[in-house]
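Engineer: I have a structure I would like to understand better, so I am pasting it below and will then ask my questions one at a time.
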Number of protein chains: 2
Amino acid sequence: MEETPCGFDSHPRHMQKTQSKKLRIIPLGGCEEVGRNMTVFEYGKDIVILDMGIQFPEEDMPGINYVIPNTKYLRGKEKNIRAVIFTHGHMDHIGAAPILLDKIGNPPIIGRPFTIELIKYRQEDYSKGSSKRLKPIYVKKLEEKIKLGAFDIGFFPVDHAIIDAIGVIIKTPAATVIHPGDWMIEHKPVGRKKIKYNHLAKLPRPTVLMLESIGATQTKKPVTEKQMLDNLKRLIKDAPGRIIIATFSSQVQRIKQIIEYASEVDKKIALDGFSIKISVEIAKKLGYIKTEKGTIVTIDKISDYPDKRVVILCTGAQGEEKAVLPRIVNNDHRFIKIKKNDTVIFSSSVVPGHERTVQRLKDNLYRLSDNVIHSDVMDVHTSGHSNVQDIQEIIRQIKPDYFIPVYANHFMLREAARIAHKIGVPESRIVVPDNGSVIEVSKESIETGKKKVPTNYVFVDGLGIGDVGEIVLRDRQMLAQDGMFVIVAVVDKRTGQVKGSPDIISRGFIYLRESKDLLAQTRKKVINIVNKTAASGGAVNWIHVKNELRKKIGQFLFSKTKRRPIILPVVIEV
Amino acid sequence: MEETPCGFDSHPRHMQKTQSKKLRIIPLGGCEEVGRNMTVFEYGKDIVILDMGIQFPEEDMPGINYVIPNTKYLRGKEKNIRAVIFTHGHMDHIGAAPILLDKIGNPPIIGRPFTIELIKYRQEDYSKGSSKRLKPIYVKKLEEKIKLGAFDIGFFPVDHAIIDAIGVIIKTPAATVIHPGDWMIEHKPVGRKKIKYNHLAKLPRPTVLMLESIGATQTKKPVTEKQMLDNLKRLIKDAPGRIIIATFSSQVQRIKQIIEYASEVDKKIALDGFSIKISVEIAKKLGYIKTEKGTIVTIDKISDYPDKRVVILCTGAQGEEKAVLPRIVNNDHRFIKIKKNDTVIFSSSVVPGHERTVQRLKDNLYRLSDNVIHSDVMDVHTSGHSNVQDIQEIIRQIKPDYFIPVYANHFMLREAARIAHKIGVPESRIVVPDNGSVIEVSKESIETGKKKVPTNYVFVDGLGIGDVGEIVLRDRQMLAQDGMFVIVAVVDKRTGQVKGSPDIISRGFIYLRESKDLLAQTRKKVINIVNKTAASGGAVNWIHVKNELRKKIGQFLFSKTKRRPIILPVVIEV
């Protein structure tokens, strides 16, 4: 991924001029879902940032813990950053906060209580004591307005897979941005009203709708909250034995509903798994979940109750090795062993990249229990994202002047643009961005040039941030493919001849103990190559000797195995 | 994956007895889709094998080319193998033939012409000239019967994503097995009749239905061939410019239909991509595809025709780096560069594991063309597999005495068993197997014991078959995670002290040029460790010195980076 030249600081006078009139919007982050992890809004000198999330590594990023947005564009502008607003508490929206807030001068952070508490928790987890440095502004009521330099910030409710998700209104003299963050339309909500977006059509114009468009190719009718909850309730009520429900720890709304219903039918709930406990703890602290004493029991106490009175809420629906459900299935849990009549429910979707692990988990679960329930066989989960119809509906309700689809792969954004165009948004008023695109909005127009700000990946690996680059990654990929092969030859300084037998160390290439012939032949070849190359007259060019070893031993091993381990020659003169 | 003891040869007398009465069925292969790659049928001494396919490697098998079935169970029984029957020509059913046929004594191979020709082609590709050793028996008409020892073999037509797919009837004195291989019910076939299976209900009883059950959790209504073809035809007819269709090379039926229609509307067809050319060549040779002269043009000639008269059929719908479509998109194709008004069609599904690559390909395609069509936006592909309704339908038509769901993950087989049970198959007549399960069928019963035959993975990597085991694979995974770190210390034999500065070679761990401090500290630590450990008195225990280096340098690097490269210490005495 090449860095594109930033170029925006090189013509300060020109910039000054356009900056005073236009709102500049830059989706950041290397993630393929454009703008998902971070978006920059710039008006005049003022900057407001939306979200600071992480991307989880792809298959071609071995060893990487996660990827954070590239903030090179903000370098030197730290003092202009008025605040970072967080739409909701999922890791792809808050996960990079502990690293990046510090880097950009620790501006105020704005969000709903559950979101801010999660950020605080992540910050502490990252570096003990550091959450004290955070400058949180809690959005306690959605009616609150916040002035940040030239920006006037407002909020609106949205439905998403996590509690306290909000949409954000960003008003500037040039235009008003409406950004729902991640959203869906819950058509049959339980215990609250269906959310409408018509009120956003009355905001000062021109309005820019930045719309999460991951549902742009999704035509399937969604499962409603009511259907899902009815199914869950029936399963909980009628279960022949214990009920084990694995779900996302951030699904506080659902966890709350399950706890309440279980209590209603006189069952005990045990929570298991670190993240789900944290989630519920925060939710209880904020008053979002209220439980009667005795409803929740600790996991070590479940055997005190008849199986039919036990509900276990746990982590591990993605098959994560160390999470609760996989540990139960692998018979590696202190208090739970699956019984044939346990009901095990995946109240979850499969996160991309986890397909195989979840399939294996299901295979093993089906071997142990006769009642495994997941979305393939019953509606026990609702998606947190919209579909094509919802996208049409929200556009019709908001009636934006400009439309920018975001938070999905580029091809989905194009499809969202088509949807918007079909229901009347003129093509000239739609911009399909990529990460790093600079979108300039004025009362008269929306446009984006060819220049992009840097968005190349910043990898986090252990303690290193950005120190693993393309070279290290490529080496890891090569090592994973065919392993490596170290040759250590000791050479007599006077004669230029190899002394003794060269050492060979190899990993991931071939099982050495079963390849004695190959090793013997290789040693012989090493000696020949060194002796011949080193003795070619004059001062010995050891770099040349090593290159010869690399090339010729590489060819030799390939001819014998059709594998290409990384060859590392070490020549030691004594 | 542990080998389970085979155990079936240890009590020959007992075995003799049961063997003479029962049909033994063993799904083989390490693949998670039970029995997909290979199934063994044994009656008395006679053995018949169904399919010999490969599994493509999973994410945790870096560097592996593919996985073949474990044939340990057949060792020593080669002379009893009467034949290998192939249901169809997909790689997961024929791919291991070049390796395994040879290993089991080269028995006759039975299949439809297209299947046999593909096997011959693969065999030649594997080892030039070797296809002459094959003993093919062509099933020219589905009415043919073949006697193989105690087995009487028959065939029946099925619909699947490849031409010449067949179902197999395996008659023995104990029972009659009905095995459709991979199958689906095409409800609106084009140019042929809908396939019915009622005739199979009249076979000698008891009948055993071994049913590919990958659709056991699929409730979605399938796209029909007619819908798909109507859409394709409309797109071909109305395209504003060229049409580029990427599809599976084995989809000969569809390729044929596209060629015929293109010819009908006076367009030229160019084929591009190795496998698609081979496929069409074989199909033409067998008379399956007939083209008028001049209909098919070579890819270098497409510019001789107006864009509106050009249809390109190519490979690469899975985003495979070296296939045609990705090369076109990456501007790496000699004759094709995407134009805005080209219509690009993915007449394909996404093969599991290729989700990301296909998304990236689509992202880039949408940037180049305004008319990218895929299953998310229009029905331009039909699945080769059945759904829940079809599974019910085929069971109702065949009315089997025994039911064995196969060719899917264990949890799907359980769901298929539920479906069968719901429509009346008694639980005692259903067996849900795993790979290696030994199912014994008699007139009275069907059963499977706890003992399993070996099915642990046999990896093929380059020229090596089975030489990459768990150790090499684990090393590759570790190397991919955090790379490796070689320390070379030269030690003075007399003093036991390090001479000069130790060499350090590292790959995939950290970018060394930017980590000079860490390197300097590590070198110092190495010297200290060696000097201290080696000089601890008496003869130097170099193994101990190396272990100390491994442990302490490992700890040191982890404390500095939170990464755990493989540490490889080399100590050279001079």
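If you're wondering about the labels, chains in the structure tokens are A, B, ... by order shown, residues count from 1 in each chain, ligands from 1 in order shown.
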For range 453-461 of chain A, work out the shell of residues within 10 Å, counting only C-alpha atoms and skipping chain neighbours fewer than 3 positions away, then give it as JSON, numbers by chain.
Structural biologist: {"A": [1, 2, 3, 4, 5, 6, 7, 8, 26, 27, 28, 29, 30, 31, 54, 55, 56, 57, 61, 62, 63, 64, 65, 66, 67, 68, 69, 70, 71, 72, 73, 74, 96, 99, 434, 435, 436, 437, 438, 464, 465, 466, 467, 468, 469, 470, 473], "B": [481, 482, 509, 510, 561, 562, 563]}
Engineer: Excluding Arg360 in chain A and residues on its chain fewer than 3 positions from it, collect all residues at most 12 Å away from it, counting only C-alpha atoms, and give them as a list in words.
Structural biologist: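 So the residues in contact are Ala317, Gln318, Gly319, Glu320, Glu321, Pro326, Val329, Asn330, His354, Glu355, Arg356, Thr357, Asp363, Asn364, Leu365, Tyr366 and Arg367 of chain A; Cys31, Glu32, Glu33, Ala408, Asn409, His410, Phe411 and Met412 of chain B.
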Engineer: Between CA of Val265 in chain B and CA of Asp164 in chain B, measure the distance and give it in Å to one decimal.
Structural biologist: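 These atoms are spaced 27.8 Å apart.
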Engineer: Distance CA of His187 in chain A-CA of Ala417 in chain A, one decimal place?
Structural biologist: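 About the pair CA of His187 in chain A and CA of Ala417 in chain A: they are 23.6 Å apart.
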Engineer: Just checking: using only C-alpha atoms, which residue out of A:Val498, A:Ala216, A:Ala535, A:Ala520 ends up closest to chain B?
Structural biologist: A:Ala216
Engineer: Measuring between only C-alpha atoms, which one of B:Ser303, B:Ser279, B:Ser506, B:Gln359 shows the shortest distance to Gly483 in chain B?
Structural biologist: B:Ser506
Engineer: Record the distance separating CA of Gly53 in chain A and CA of Ile109 in chain A, expressed in Å with one decimal.
Structural biologist: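 Spanning CA of Gly53 in chain A to CA of Ile109 in chain A is a straight-line distance of 13.5 Å.
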Engineer: Using DSSP on the backbone, list every residue of range 251-324 of chain A that comes out as strand (DSSP E or B), and give them as a VMD selection string.
Structural biologist: chain A and resid 268 to 272 296 to 297 310 to 314
Engineer: With only C-alpha atoms as the counted atoms, please give the residues lying no more than 10 Å from Thr343 in chain A, apart from itself and same-chain residues fewer than 6 positions off, as a list of chain:residue names.
Structural biologist: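 Near Thr343 in chain A, the qualifying residues are A:Leu235, A:Ile236, A:Asp238, A:Ala239, A:Pro240, A:Gly241, A:Arg242, A:Ile243, A:Ile244, A:Ile245, A:Val311, A:Ser369, A:Asp370, A:Asn371, A:Val372, A:Ile373.
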